[in-house]
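Trainee: One structure is given below, represented as structure tokens, and several questions about it will come after.
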Amino acid sequence: MRHPSDGALRRLLDEPSGVAETDRQHAADCPRCRSSVDAMQADAALVAALMTEESTEVDVDGAWLVASTSSSATARSTISTPAAARRRALARPVAAALAFVVVLTGAGVAAANDWLPIFRTERVAPVSITAADLLALPDLSAYGDLLVTSRPNVRAVPDAAAAAAATGLDVPQVTDLPRGVRGEPVVQVGSKASVTFTFSTERAAKAAAAAGKPLPPPPLGLDGSSVRLDAGPGVAQVWSSSAGVPALIVGRAVAPTAYSSGVRFETMRDYLLSLPGLPERVADQLRAFAADDSTLPLPVPADRVTTRSARVRGVDAVVLTTRDRTMAGVVWVADAVVTVVAGSLDADEVLTVARELT
């Protein structure tokens, strides 16, 4: 018996008229396919609820563009938790991404009394994170002050021309919409976001004591040293679907950069990696990133999402696909700008859109 592909079953939710009559009839009569459609529909409803209820909390951390493409994987890993716990879990990848930039990347230059540039994103690479890792990741605020100094001010604009004027970015244009994606997108822009982390020996000592472990002796000058992360502005074009989740998202933003004020960058990175609380499996992956590299670690829930590499428009890209194949995305960086194409599509479809952008 030939079963319809996952893509065909997904389109029964998003665009039934785009599915062949034989596949529609098969799905209606086949218990296995009905079960798959029911699971996809449940996932879609959950993601829609999380994107509606939690988006503001995630967006103000400066991750509005990334959050819109990673909500499915995060939602699936938090399906059994209460609402407040889901909010914390959704926020943790944002803090985790900041922590990764803080501890793993940068030029390793000696800091002065002013901000010195230490990192400029040139590529992204996945870091495997499980649901248990997400819950175990320490909150950066336990080790110092985490301050959002500039919020992204996300708002809708009339069209791509208005988005380009607001952000200074070349807004990507989709050559041909994938099958089942129709209409005009909603266009959103966000201004630059900035987050600063200042290390506190006193707070770190309390966090270590709460974990029942001694605090490693801090290096001289670490107390009060800061790292600032800037990202954006950015633009996102969103095509909706009847399933309640985006059928297609095409986003672009100025890639993250980091600045330091205080001790040498390697000093803070190595010390933060030695603190109690960070899962050892995650720490081992992070140590593999060279201090003088320009690779931004991309936290990926490996129990929910698979990754592979691809070439898009002449550069290396990361392709992400949920294990149930209900959503896929591709992320790449070129000329200090990160571009994301994602949606309730398969990997080949998002790659086709990405490679044909103008």
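Just so we're on the same page: first chain in the structure tokens is A, next is B, and so on; residues restart at 1 for each chain, and ligands are numbered from 1 in the order they show up.
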Fewer than 3 positions away in the same chain doesn't count, so skip those; otherwise give me all residues within 8 Å of Val124 (chain A), counting only C-alpha atoms, as a PDB file with C-alpha atoms, in the first residue's frame.
Mentor:
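See part-v7.pdb below for the written result:
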ATOM      1  CA  THR A 121      29.109  36.498  13.049  1.00  0.00           C
ATOM      2  CA  THR A 295      30.922  30.962  14.232  1.00  0.00           C
ATOM      3  CA  LEU A 296      27.714  31.578  16.147  1.00  0.00           C
ATOM      4  CA  PRO A 297      26.556  28.402  17.946  1.00  0.00           C
ATOM      5  CA  LEU A 298      22.925  27.605  17.108  1.00  0.00           C
ATOM      6  CA  ALA A 317      24.042  26.949   5.628  1.00  0.00           C
ATOM      7  CA  VAL A 318      22.381  24.875   8.340  1.00  0.00           C
ATOM      8  CA  VAL A 331      19.810  29.545   8.147  1.00  0.00           C
ATOM      9  CA  TRP A 332      22.918  31.151   6.660  1.00  0.00           C
ATOM     10  CA  VAL A 333      25.101  34.240   7.066  1.00  0.00           C
TER      11      VAL A 333
END
Trainee: Which one is closest to Pro217 (chain A): A:Thr326, A:Thr175, A:Thr201, A:Thr358? Count only C-alpha atoms.
Mentor: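 Of A:Thr326, A:Thr175, A:Thr201, A:Thr358, the one nearest Pro217 (chain A), counting only C-alpha atoms, is A:Thr201.
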Trainee: Among region 116-178 of chain A, which residues does DSSP mark as helix (DSSP H, G or I) when it is run on the backbone? Keep the chain and numbering as in the structure and answer as a ChimeraX atom specification.
Mentor: /A:131-136,140-142,160-167
Trainee: Per residue of region 175-234 of chain A within 9 Å of region 156-166 of chain A, record the nearest atom pair and its distance in Å to one decimal, counting only C-alpha atoms, with rows in chain order and ascending residue number, as JSON lines.
Mentor:
{"residue": "A:Pro185", "atom": "CA", "partner": "A:Asp159", "partner_atom": "CA", "distance": 8.6}
{"residue": "A:Val186", "atom": "CA", "partner": "A:Ala156", "partner_atom": "CA", "distance": 7.3}
{"residue": "A:Val187", "atom": "CA", "partner": "A:Ala156", "partner_atom": "CA", "distance": 5.7}
{"residue": "A:Gln188", "atom": "CA", "partner": "A:Ala156", "partner_atom": "CA", "distance": 4.2}
{"residue": "A:Val189", "atom": "CA", "partner": "A:Ala163", "partner_atom": "CA", "distance": 6.1}
{"residue": "A:Gly190", "atom": "CA", "partner": "A:Ala166", "partner_atom": "CA", "distance": 8.6}
{"residue": "A:Ser191", "atom": "CA", "partner": "A:Ala166", "partner_atom": "CA", "distance": 8.2}
{"residue": "A:Pro233", "atom": "CA", "partner": "A:Ala166", "partner_atom": "CA", "distance": 8.6}
{"residue": "A:Gly234", "atom": "CA", "partner": "A:Ala163", "partner_atom": "CA", "distance": 8.7}
Trainee: A:Gly343, A:Asp23, A:Arg123, A:Ser141: which is nearest Ala247 (chain A), counting only C-alpha atoms?
Mentor: A:Gly343
Trainee: Point out the residue among A:Thr267, A:Ser260, A:Thr321, A:Gln173 with the least atom-to-atom distance to Leu229 (chain A), counting only C-alpha atoms.
Mentor: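 Going through A:Thr267, A:Ser260, A:Thr321, A:Gln173 one by one, the smallest distance to Leu229 (chain A) is for A:Ser260.
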Trainee: So how many Å separate CA of Gly262 (chain A) and CA of Gly221 (chain A), to one decimal?
Mentor: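 So the two atoms, CA of Gly262 (chain A) and CA of Gly221 (chain A), lie 7.0 Å apart.
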Trainee: Among region 100-230 of chain A, which ones does DSSP place in strand (DSSP E or B), written as an NGL selection string?
Mentor: :A and (116-120 or 123-129 or 144-150 or 155-157 or 186-190 or 193-199 or 226-230)
Trainee: Since we have the selection now, will you write its residues out, keeping N, CA, C and O atoms, as a compact mmCIF listing (two decimals), in the first residue's frame?
Mentor:
# COMPACT_ATOMS: atom_id res chain seq x y z
N LEU A 116 35.20 46.99 23.34
CA LEU A 116 36.04 46.56 22.23
C LEU A 116 35.32 45.45 21.47
O LEU A 116 34.81 44.52 22.08
N PRO A 117 35.29 45.51 20.13
CA PRO A 117 34.64 44.44 19.36
C PRO A 117 35.40 43.13 19.52
O PRO A 117 36.62 43.10 19.37
N ILE A 118 34.69 42.06 19.81
CA ILE A 118 35.33 40.77 20.02
C ILE A 118 34.72 39.66 19.16
O ILE A 118 35.26 38.56 19.12
N PHE A 119 33.61 39.95 18.50
CA PHE A 119 32.97 38.90 17.72
C PHE A 119 32.10 39.50 16.64
O PHE A 119 31.37 40.47 16.88
N ARG A 120 32.20 38.92 15.45
CA ARG A 120 31.34 39.30 14.32
C ARG A 120 30.92 38.02 13.63
O ARG A 120 31.75 37.26 13.15
N ARG A 123 29.26 32.88 10.28
CA ARG A 123 28.61 31.60 9.96
C ARG A 123 27.90 31.10 11.21
O ARG A 123 28.12 31.63 12.30
N VAL A 124 27.03 30.12 11.05
CA VAL A 124 26.36 29.49 12.18
C VAL A 124 26.66 28.00 12.14
O VAL A 124 26.94 27.43 11.09
N ALA A 125 26.62 27.37 13.31
CA ALA A 125 26.83 25.92 13.41
C ALA A 125 25.95 25.39 14.54
O ALA A 125 25.80 26.03 15.57
N PRO A 126 25.33 24.20 14.34
CA PRO A 126 24.42 23.67 15.36
C PRO A 126 25.16 23.14 16.58
O PRO A 126 26.26 22.61 16.47
N VAL A 127 24.53 23.33 17.75
CA VAL A 127 24.98 22.71 19.00
C VAL A 127 23.82 21.88 19.51
O VAL A 127 22.71 22.38 19.69
N SER A 128 24.07 20.60 19.73
CA SER A 128 23.01 19.66 20.13
C SER A 128 22.58 19.90 21.57
O SER A 128 23.39 19.86 22.49
N ILE A 129 21.27 20.17 21.75
CA ILE A 129 20.68 20.41 23.06
C ILE A 129 19.45 19.52 23.20
O ILE A 129 18.60 19.49 22.31
N GLY A 144 25.33 37.06 37.36
CA GLY A 144 25.59 38.49 37.17
C GLY A 144 24.35 39.21 36.71
O GLY A 144 23.24 38.68 36.78
N ASP A 145 24.52 40.41 36.23
CA ASP A 145 23.40 41.23 35.76
C ASP A 145 23.21 41.02 34.27
O ASP A 145 24.13 41.21 33.47
N LEU A 146 22.00 40.64 33.89
CA LEU A 146 21.63 40.48 32.49
C LEU A 146 20.63 41.58 32.17
O LEU A 146 19.49 41.56 32.64
N LEU A 147 21.05 42.54 31.37
CA LEU A 147 20.26 43.74 31.14
C LEU A 147 19.95 43.91 29.66
O LEU A 147 20.87 43.94 28.83
N VAL A 148 18.66 44.01 29.33
CA VAL A 148 18.25 44.34 27.97
C VAL A 148 18.31 45.85 27.83
O VAL A 148 17.49 46.58 28.39
N THR A 149 19.31 46.35 27.10
CA THR A 149 19.52 47.79 27.00
C THR A 149 18.80 48.41 25.79
O THR A 149 18.60 49.61 25.74
N SER A 150 18.45 47.57 24.83
CA SER A 150 17.72 48.07 23.67
C SER A 150 16.80 46.97 23.16
O SER A 150 17.26 45.87 22.83
N ARG A 155 7.22 45.66 14.82
CA ARG A 155 5.98 46.27 14.35
C ARG A 155 5.74 45.87 12.90
O ARG A 155 6.67 45.50 12.18
N ALA A 156 4.49 45.93 12.50
CA ALA A 156 4.13 45.64 11.12
C ALA A 156 4.34 46.88 10.26
O ALA A 156 4.17 48.01 10.71
N VAL A 157 4.73 46.66 9.00
CA VAL A 157 4.87 47.74 8.03
C VAL A 157 4.09 47.35 6.77
O VAL A 157 3.78 46.17 6.57
N VAL A 186 2.51 39.05 5.60
CA VAL A 186 2.56 40.12 6.60
C VAL A 186 4.03 40.47 6.79
O VAL A 186 4.87 39.58 6.96
N VAL A 187 4.35 41.76 6.72
CA VAL A 187 5.74 42.19 6.83
C VAL A 187 5.95 42.86 8.19
O VAL A 187 5.20 43.76 8.56
N GLN A 188 6.95 42.38 8.93
CA GLN A 188 7.29 42.95 10.23
C GLN A 188 8.75 43.38 10.23
O GLN A 188 9.59 42.79 9.55
N VAL A 189 9.03 44.44 10.99
CA VAL A 189 10.41 44.87 11.18
C VAL A 189 10.69 44.98 12.68
O VAL A 189 9.78 45.12 13.49
N GLY A 190 11.95 44.86 13.03
CA GLY A 190 12.38 45.04 14.41
C GLY A 190 13.66 45.86 14.42
O GLY A 190 14.53 45.68 13.56
N ALA A 193 18.53 45.18 18.79
CA ALA A 193 18.41 44.76 20.19
C ALA A 193 19.81 44.64 20.78
O ALA A 193 20.75 44.20 20.11
N SER A 194 19.94 45.03 22.04
CA SER A 194 21.22 44.92 22.74
C SER A 194 20.99 44.34 24.12
O SER A 194 20.05 44.72 24.82
N VAL A 195 21.84 43.39 24.50
CA VAL A 195 21.79 42.76 25.82
C VAL A 195 23.20 42.77 26.40
O VAL A 195 24.16 42.46 25.71
N THR A 196 23.32 43.15 27.68
CA THR A 196 24.62 43.21 28.34
C THR A 196 24.64 42.27 29.54
O THR A 196 23.70 42.27 30.34
N PHE A 197 25.70 41.47 29.63
CA PHE A 197 25.90 40.59 30.78
C PHE A 197 27.14 41.06 31.54
O PHE A 197 28.22 41.20 30.96
N THR A 198 26.96 41.35 32.83
CA THR A 198 28.06 41.76 33.70
C THR A 198 28.26 40.72 34.78
O THR A 198 27.34 40.45 35.57
N PHE A 199 29.45 40.13 34.83
CA PHE A 199 29.72 39.04 35.76
C PHE A 199 29.82 39.56 37.20
O PHE A 199 30.43 40.61 37.46
N SER A 226 32.12 42.97 31.62
CA SER A 226 30.87 42.88 30.86
C SER A 226 31.10 42.44 29.43
O SER A 226 32.17 42.69 28.85
N VAL A 227 30.08 41.80 28.88
CA VAL A 227 30.02 41.49 27.44
C VAL A 227 28.67 41.97 26.94
O VAL A 227 27.64 41.74 27.57
N ARG A 228 28.68 42.68 25.80
CA ARG A 228 27.44 43.18 25.21
C ARG A 228 27.20 42.49 23.87
O ARG A 228 28.11 42.36 23.06
N LEU A 229 25.96 42.06 23.65
CA LEU A 229 25.57 41.43 22.40
C LEU A 229 24.58 42.34 21.69
O LEU A 229 23.57 42.74 22.26
N ASP A 230 24.88 42.67 20.43
CA ASP A 230 23.98 43.46 19.59
C ASP A 230 23.49 42.59 18.44
O ASP A 230 24.26 41.79 17.88
Trainee: Which neighbours of Leu357 (chain A) fall inside 10 Å, counting only C-alpha atoms, when residues of the same chain fewer than 6 positions from it are skipped, and could you give them as a ChimeraX atom specification?
Mentor: /A:171-176,250,313,341
Trainee: One decimal, in Å: what's the spacing between CA of Arg311 (chain A) and CA of Thr352 (chain A)?
Mentor: 11.3 Å
